[in-house]
file upload30.pdb (PDB, C-alpha atoms, pLDDT in the B column)
ATOM      1  CA  MET A   1       8.009  -5.357  19.266  1.00 87.00           C
ATOM      2  CA  LEU A   2       6.614  -8.104  21.421  1.00 85.00           C
ATOM      3  CA  LEU A   3       3.448  -6.903  23.136  1.00 86.00           C
ATOM      4  CA  GLU A   4       2.887  -8.819  26.384  1.00 88.00           C
ATOM      5  CA  LEU A   5      -0.829  -9.080  27.145  1.00 86.00           C
ATOM      6  CA  LYS A   6      -0.964 -11.497  30.108  1.00 85.00           C
ATOM      7  CA  ASN A   7      -1.561  -8.804  32.757  1.00 85.00           C
ATOM      8  CA  LEU A   8      -3.897  -6.887  30.465  1.00 85.00           C
ATOM      9  CA  PHE A   9      -6.113  -9.959  29.912  1.00 84.00           C
ATOM     10  CA  LEU A  10      -6.489 -10.223  33.713  1.00 83.00           C
ATOM     11  CA  GLU A  11      -7.408  -6.558  34.333  1.00 84.00           C
ATOM     12  CA  ASP A  12     -10.834  -5.545  32.970  1.00 84.00           C
ATOM     13  CA  GLY A  13     -10.596  -1.904  31.860  1.00 85.00           C
ATOM     14  CA  GLY A  14      -6.812  -1.979  31.901  1.00 86.00           C
ATOM     15  CA  LYS A  15      -4.905  -0.020  29.271  1.00 92.00           C
ATOM     16  CA  LYS A  16      -1.454  -0.073  27.781  1.00 92.00           C
ATOM     17  CA  ASP A  17      -0.127   2.769  25.630  1.00 93.00           C
ATOM     18  CA  LEU A  18       2.774   2.385  23.214  1.00 93.00           C
ATOM     19  CA  HIS A  19       4.784   4.740  21.078  1.00 96.00           C
ATOM     20  CA  TYR A  20       7.781   3.536  19.106  1.00 95.00           C
ATOM     21  CA  GLU A  21       9.374   3.440  15.665  1.00 96.00           C
ATOM     22  CA  MET A  22       9.382   0.378  13.454  1.00 95.00           C
ATOM     23  CA  ASP A  23      12.066  -0.150  10.796  1.00 94.00           C
ATOM     24  CA  LEU A  24      10.706  -1.363   7.439  1.00 93.00           C
ATOM     25  CA  SER A  25      13.663  -0.116   5.383  1.00 91.00           C
ATOM     26  CA  GLN A  26      14.518  -3.663   4.258  1.00 93.00           C
ATOM     27  CA  VAL A  27      11.002  -4.479   3.018  1.00 90.00           C
ATOM     28  CA  VAL A  28      10.926  -4.869  -0.770  1.00 89.00           C
ATOM     29  CA  PHE A  29       7.719  -3.708  -2.436  1.00 83.00           C
ATOM     30  CA  SER A  30       7.261  -3.575  -6.221  1.00 79.00           C
ATOM     31  CA  GLY A  31      10.962  -4.218  -6.678  1.00 84.00           C
ATOM     32  CA  VAL A  32      12.194  -1.317  -4.501  1.00 88.00           C
ATOM     33  CA  ARG A  33      12.762  -0.532  -0.828  1.00 92.00           C
ATOM     34  CA  PRO A  34      10.182   2.260  -0.512  1.00 93.00           C
ATOM     35  CA  PHE A  35      10.098   2.974   3.238  1.00 93.00           C
ATOM     36  CA  ILE A  36      12.392   5.992   3.522  1.00 92.00           C
ATOM     37  CA  THR A  37      11.589   6.831   7.143  1.00 93.00           C
ATOM     38  CA  PRO A  38      10.909   4.611  10.136  1.00 95.00           C
ATOM     39  CA  VAL A  39       7.229   3.918  10.717  1.00 96.00           C
ATOM     40  CA  SER A  40       6.002   5.915  13.705  1.00 96.00           C
ATOM     41  CA  VAL A  41       3.594   3.763  15.737  1.00 96.00           C
ATOM     42  CA  THR A  42       1.189   5.004  18.393  1.00 96.00           C
ATOM     43  CA  ALA A  43      -0.940   2.221  19.833  1.00 95.00           C
ATOM     44  CA  GLN A  44      -3.300   1.566  22.678  1.00 95.00           C
ATOM     45  CA  ALA A  45      -4.430  -1.821  23.956  1.00 93.00           C
ATOM     46  CA  GLU A  46      -7.472  -1.845  26.235  1.00 93.00           C
ATOM     47  CA  ASN A  47      -9.248  -4.738  27.943  1.00 91.00           C
ATOM     48  CA  ARG A  48     -12.991  -4.554  27.357  1.00 89.00           C
ATOM     49  CA  ALA A  49     -14.960  -7.516  28.714  1.00 85.00           C
ATOM     50  CA  GLY A  50     -12.026  -9.905  28.432  1.00 84.00           C
ATOM     51  CA  ALA A  51     -11.042  -8.963  24.878  1.00 88.00           C
ATOM     52  CA  ILE A  52      -8.172  -6.641  24.076  1.00 90.00           C
ATOM     53  CA  HIS A  53      -9.121  -3.822  21.704  1.00 94.00           C
ATOM     54  CA  LEU A  54      -5.985  -2.735  19.894  1.00 95.00           C
ATOM     55  CA  LYS A  55      -5.927   0.572  18.021  1.00 97.00           C
ATOM     56  CA  ALA A  56      -2.769   1.557  16.187  1.00 96.00           C
ATOM     57  CA  ASP A  57      -1.948   4.682  14.210  1.00 97.00           C
ATOM     58  CA  VAL A  58       1.048   4.584  11.879  1.00 97.00           C
ATOM     59  CA  ALA A  59       2.787   7.308   9.875  1.00 97.00           C
ATOM     60  CA  PHE A  60       5.670   7.059   7.400  1.00 96.00           C
ATOM     61  CA  ASP A  61       7.165   8.466   4.206  1.00 95.00           C
ATOM     62  CA  PHE A  62       7.133   6.247   1.140  1.00 93.00           C
ATOM     63  CA  ARG A  63       9.026   6.619  -2.149  1.00 94.00           C
ATOM     64  CA  CYS A  64       8.342   4.490  -5.209  1.00 92.00           C
ATOM     65  CA  PRO A  65       8.600   4.962  -8.994  1.00 93.00           C
ATOM     66  CA  CYS A  66       5.401   6.008 -10.758  1.00 92.00           C
ATOM     67  CA  ASP A  67       3.785   3.000 -12.437  1.00 91.00           C
ATOM     68  CA  ARG A  68       3.167   4.965 -15.649  1.00 91.00           C
ATOM     69  CA  CYS A  69       6.180   7.248 -16.149  1.00 92.00           C
ATOM     70  CA  ALA A  70       8.764   5.856 -13.671  1.00 90.00           C
ATOM     71  CA  ALA A  71       9.267   9.270 -11.997  1.00 90.00           C
ATOM     72  CA  GLU A  72      10.145   9.105  -8.302  1.00 91.00           C
ATOM     73  CA  THR A  73       6.922   9.445  -6.333  1.00 90.00           C
ATOM     74  CA  GLN A  74       7.008  10.312  -2.656  1.00 92.00           C
ATOM     75  CA  ARG A  75       4.043  10.340  -0.297  1.00 92.00           C
ATOM     76  CA  ALA A  76       3.457  10.650   3.430  1.00 95.00           C
ATOM     77  CA  TYR A  77       0.989   8.030   4.619  1.00 95.00           C
ATOM     78  CA  ARG A  78      -1.053   7.825   7.814  1.00 97.00           C
ATOM     79  CA  PHE A  79      -3.194   4.793   8.559  1.00 97.00           C
ATOM     80  CA  SER A  80      -5.259   3.613  11.530  1.00 97.00           C
ATOM     81  CA  PHE A  81      -5.853  -0.050  12.297  1.00 96.00           C
ATOM     82  CA  GLN A  82      -8.047  -1.802  14.827  1.00 96.00           C
ATOM     83  CA  HIS A  83      -8.018  -5.410  15.990  1.00 93.00           C
ATOM     84  CA  VAL A  84      -9.815  -7.345  18.701  1.00 92.00           C
ATOM     85  CA  LEU A  85      -7.429  -9.786  20.397  1.00 89.00           C
ATOM     86  CA  VAL A  86      -8.654 -12.793  22.340  1.00 87.00           C
ATOM     87  CA  ASN A  87      -6.896 -15.657  24.100  1.00 82.00           C
ATOM     88  CA  ALA A  88      -9.549 -18.258  23.170  1.00 79.00           C
ATOM     89  CA  LEU A  89     -12.002 -18.744  20.300  1.00 76.00           C
ATOM     90  CA  ASN A  90     -15.215 -20.776  20.201  1.00 73.00           C
ATOM     91  CA  ASP A  91     -15.555 -20.460  16.432  1.00 68.00           C
ATOM     92  CA  GLU A  92     -12.279 -21.080  14.566  1.00 68.00           C
ATOM     93  CA  GLU A  93     -13.758 -19.653  11.343  1.00 68.00           C
ATOM     94  CA  ASN A  94     -14.477 -16.250  12.888  1.00 67.00           C
ATOM     95  CA  ASP A  95     -12.139 -13.653  11.406  1.00 71.00           C
ATOM     96  CA  THR A  96     -13.488 -10.794  13.543  1.00 79.00           C
ATOM     97  CA  PHE A  97     -11.158 -11.749  16.388  1.00 84.00           C
ATOM     98  CA  LEU A  98      -7.436 -12.371  16.343  1.00 83.00           C
ATOM     99  CA  LEU A  99      -6.356 -15.303  18.490  1.00 82.00           C
ATOM    100  CA  VAL A 100      -3.328 -14.450  20.624  1.00 84.00           C
ATOM    101  CA  GLU A 101      -1.333 -17.486  21.666  1.00 82.00           C
ATOM    102  CA  ASN A 102       0.915 -17.364  24.754  1.00 82.00           C
ATOM    103  CA  GLU A 103      -0.786 -14.063  25.691  1.00 83.00           C
ATOM    104  CA  SER A 104       1.635 -12.013  23.588  1.00 85.00           C
ATOM    105  CA  ILE A 105       1.730 -10.803  20.012  1.00 89.00           C
ATOM    106  CA  GLU A 106       4.484  -9.589  17.712  1.00 92.00           C
ATOM    107  CA  LEU A 107       3.091  -6.134  16.955  1.00 93.00           C
ATOM    108  CA  ASP A 108       5.613  -5.372  14.176  1.00 93.00           C
ATOM    109  CA  ASP A 109       4.473  -8.397  12.152  1.00 93.00           C
ATOM    110  CA  LEU A 110       0.802  -7.502  12.555  1.00 94.00           C
ATOM    111  CA  LEU A 111       1.305  -3.853  11.599  1.00 95.00           C
ATOM    112  CA  ARG A 112       3.633  -4.684   8.683  1.00 94.00           C
ATOM    113  CA  GLU A 113       0.896  -6.866   7.217  1.00 94.00           C
ATOM    114  CA  ASP A 114      -1.746  -4.167   7.826  1.00 95.00           C
ATOM    115  CA  ILE A 115       0.401  -1.512   6.138  1.00 95.00           C
ATOM    116  CA  LEU A 116       1.223  -3.612   3.083  1.00 93.00           C
ATOM    117  CA  LEU A 117      -2.442  -4.484   2.584  1.00 93.00           C
ATOM    118  CA  GLU A 118      -3.487  -0.836   2.918  1.00 94.00           C
ATOM    119  CA  LEU A 119      -1.029   0.592   0.374  1.00 92.00           C
ATOM    120  CA  PRO A 120      -2.432   1.379  -3.074  1.00 89.00           C
ATOM    121  CA  THR A 121      -1.853  -1.190  -5.802  1.00 87.00           C
ATOM    122  CA  LYS A 122      -0.841   1.481  -8.317  1.00 89.00           C
ATOM    123  CA  PHE A 123       1.499   4.379  -7.525  1.00 89.00           C
ATOM    124  CA  LEU A 124       1.138   7.432  -9.731  1.00 92.00           C
ATOM    125  CA  CYS A 125       3.121  10.680  -9.617  1.00 91.00           C
ATOM    126  CA  LYS A 126      -0.201  12.480 -10.176  1.00 91.00           C
ATOM    127  CA  PRO A 127      -3.729  11.187 -10.846  1.00 91.00           C
ATOM    128  CA  ASP A 128      -3.687  12.229 -14.514  1.00 92.00           C
ATOM    129  CA  CYS A 129      -0.178  10.934 -15.333  1.00 92.00           C
ATOM    130  CA  LYS A 130       0.023  10.306 -19.075  1.00 91.00           C
ATOM    131  CA  GLY A 131       2.922   7.850 -18.816  1.00 91.00           C
ATOM    132  CA  LEU A 132       5.533   7.133 -21.471  1.00 90.00           C
ATOM    133  CA  CYS A 133       5.178   6.908 -25.248  1.00 88.00           C
ATOM    134  CA  SER A 134       4.851   3.234 -26.131  1.00 84.00           C
ATOM    135  CA  GLN A 135       6.988   3.683 -29.248  1.00 84.00           C
ATOM    136  CA  CYS A 136       9.920   5.824 -28.117  1.00 86.00           C
ATOM    137  CA  GLY A 137       9.623   6.092 -24.320  1.00 86.00           C
ATOM    138  CA  ILE A 138       9.399   9.889 -24.107  1.00 89.00           C
ATOM    139  CA  ASP A 139       7.601  11.247 -21.018  1.00 89.00           C
ATOM    140  CA  LEU A 140       4.157  12.381 -22.213  1.00 89.00           C
ATOM    141  CA  ASN A 141       3.700  14.572 -19.112  1.00 87.00           C
ATOM    142  CA  GLU A 142       6.597  16.769 -20.258  1.00 89.00           C
ATOM    143  CA  ASN A 143       5.683  16.526 -23.973  1.00 87.00           C
ATOM    144  CA  PRO A 144       1.867  16.463 -24.168  1.00 84.00           C
ATOM    145  CA  ASP A 145       1.802  17.198 -27.913  1.00 86.00           C
ATOM    146  CA  HIS A 146       4.174  14.339 -28.762  1.00 85.00           C
ATOM    147  CA  GLN A 147       2.887  11.916 -31.409  1.00 82.00           C
ATOM    148  CA  HIS A 148       4.127   9.583 -34.105  1.00 78.00           C
ATOM    149  CA  ASP A 149       2.926   9.000 -37.662  1.00 72.00           C
ATOM    150  CA  MET A 150       0.739   5.991 -37.041  1.00 69.00           C
ATOM    151  CA  THR A 151       0.435   4.901 -40.687  1.00 69.00           C
ATOM    152  CA  ASP A 152       0.825   1.170 -40.855  1.00 71.00           C
ATOM    153  CA  ILE A 153       3.082   0.285 -43.804  1.00 73.00           C
ATOM    154  CA  ARG A 154       0.978  -2.815 -44.427  1.00 75.00           C
ATOM    155  CA  PHE A 155      -1.873  -0.505 -45.486  1.00 74.00           C
ATOM    156  CA  ALA A 156       0.237   1.882 -47.600  1.00 72.00           C
ATOM    157  CA  ALA A 157      -0.903   0.218 -50.833  1.00 74.00           C
ATOM    158  CA  LEU A 158      -4.529   0.648 -49.797  1.00 79.00           C
ATOM    159  CA  GLU A 159      -3.950   4.370 -49.156  1.00 76.00           C
ATOM    160  CA  GLY A 160      -2.713   4.692 -52.744  1.00 76.00           C
ATOM    161  CA  LEU A 161      -5.737   2.784 -54.033  1.00 80.00           C
ATOM    162  CA  LYS A 162      -8.058   4.980 -51.937  1.00 78.00           C
ATOM    163  CA  ALA A 163      -6.481   8.137 -53.419  1.00 78.00           C
ATOM    164  CA  LYS A 164      -6.928   6.750 -56.971  1.00 81.00           C
ATOM    165  CA  LEU A 165     -10.568   5.871 -56.352  1.00 83.00           C
ATOM    166  CA  GLU A 166     -11.332   9.262 -54.849  1.00 81.00           C
ATOM    167  CA  GLY A 167      -9.705  10.982 -57.830  1.00 75.00           C
ATOM    168  CA  LYS A 168     -11.820   9.035 -60.382  1.00 58.00           C
ATOM    169  CA  GLU A 169     -15.149   9.881 -58.797  1.00 49.00           C
TER     170      GLU A 169
END
call {"tool": "encode", "arguments": {"input": "upload30.pdb", "output": "structure tokens"}}
result
Amino acid sequence: MLLELKNLFLEDGGKKDLHYEMDLSQVVFSGVRPFITPVSVTAQAENRAGAIHLKADVAFDFRCPCDRCAAETQRAYRFSFQHVLVNALNDEENDTFLLVENESIELDDLLREDILLELPTKFLCKPDCKGLCSQCGIDLNENPDHQHDMTDIRFAALEGLKAKLEGKE
């Protein structure tokens, strides 16, 4: 959504309220398309002393496989973002302000970037997910007592030697 700010930059104290839905269903994240509902956006842009203070609240449902056990994991997320938009900068290195060229900004692009940066880097079905067995792939959450004989055949001869030595003593 293109947010036109020309009139807002001219009116000190002016406000603009927005409410719309943003489609991120085609965004690929961690190899899947996880946005299962449109992103609900509620935003307000307000001119304070010549700078536009943008506050945006977003809400959406997200489904992604668990990073440990691959079970489908679904969460409802709500995030709030704030930006200060200006139409001129004295210091190009200042990252506190967002320079708006042509007195308009593509709000979808800005919020998509904010959302993707805010999402967790690891998705787990539950905080204590045990994952999958590294040898056979069985889900350790469903089979907590699962284990394999971990005897390394390269040390089998040493086990025999150990038994002999213990028997002689």
call {"tool": "atom_distance", "arguments": {"input": "upload30.pdb", "atom1": "CA of Pro65 (chain A)", "atom2": "CA of Phe29 (chain A)"}}
result
10.9 Å
call {"tool": "atom_distance", "arguments": {"input": "upload30.pdb", "atom1": "CA of Val32 (chain A)", "atom2": "CA of Gln135 (chain A)"}}
result
25.8 Å
call {"tool": "atom_distance", "arguments": {"input": "upload30.pdb", "atom1": "CA of Met1 (chain A)", "atom2": "CA of Val27 (chain A)"}}
result
16.5 Å
call {"tool": "closest_atom_pairs", "arguments": {"input": "upload30.pdb", "of": "region 47-135 of chain A", "to": "region 5-23 of chain A", "cutoff": "6 Å", "atoms": "all atoms listed in the file", "output": "CSV"}}
result
residue,atom,partner,partner_atom,distance
A:Asn47,CA,A:Gly13,CA,5.0
A:Arg48,CA,A:Gly13,CA,5.7
A:Glu103,CA,A:Lys6,CA,5.1
A:Ser104,CA,A:Leu5,CA,5.2
call {"tool": "resolve_selection", "arguments": {"input": "upload30.pdb", "expression": "the PyMOL selection byres ((chain A and resi 113-117) around 9)", "output": "JSON, numbers by chain"}}
result
{"A": [29, 58, 79, 81, 108, 109, 110, 111, 112, 118, 119, 120]}
call {"tool": "closest_residue", "arguments": {"input": "upload30.pdb", "among": "A:Asn87, A:Ser25, A:Ser30, A:Gln82", "to": "Ala45 (chain A)", "atoms": "all atoms listed in the file"}}
result
A:Gln82
call {"tool": "resolve_selection", "arguments": {"input": "upload30.pdb", "expression": "the PyMOL selection byres ((chain A and resi 144) around 12)", "output": "PyMOL selection string"}}
result
chain A and resi 128-133+138-143+145-147
call {"tool": "closest_residue", "arguments": {"input": "upload30.pdb", "among": "A:Ser40, A:Thr121, A:Asn102, A:Ser134", "to": "Val86 (chain A)", "atoms": "all atoms listed in the file"}}
result
A:Asn102
call {"tool": "axis_aligned_box", "arguments": {"input": "upload30.pdb", "around": "region 96-99 of chain A", "padding_each_side": "6 Å", "output": "JSON"}}
result
{"center_x": -9.9, "center_y": -13.0, "center_z": 16.0, "size_x": 19.1, "size_y": 16.5, "size_z": 16.9}
call {"tool": "resolve_selection", "arguments": {"input": "upload30.pdb", "expression": "the PyMOL selection byres ((chain A and resi 85) around 9)", "output": "compact mmCIF listing (two decimals) with C-alpha atoms, keeping the file's coordinate frame"}}
result
# COMPACT_ATOMS: atom_id res chain seq x y z
CA ALA A 51 -11.04 -8.96 24.88
CA ILE A 52 -8.17 -6.64 24.08
CA HIS A 53 -9.12 -3.82 21.70
CA LEU A 54 -5.98 -2.74 19.89
CA HIS A 83 -8.02 -5.41 15.99
CA VAL A 84 -9.82 -7.34 18.70
CA VAL A 86 -8.65 -12.79 22.34
CA ASN A 87 -6.90 -15.66 24.10
CA PHE A 97 -11.16 -11.75 16.39
CA LEU A 98 -7.44 -12.37 16.34
CA LEU A 99 -6.36 -15.30 18.49
CA VAL A 100 -3.33 -14.45 20.62
call {"tool": "closest_residue", "arguments": {"input": "upload30.pdb", "among": "A:Lys55, A:Arg68, A:Lys126, A:Arg75", "to": "Thr37 (chain A)", "atoms": "all atoms listed in the file"}}
result
A:Arg75
call {"tool": "closest_residue", "arguments": {"input": "upload30.pdb", "among": "A:Ala56, A:Ala71, A:Leu24, A:Leu124", "to": "Pro38 (chain A)", "atoms": "all atoms listed in the file"}}
result
A:Leu24
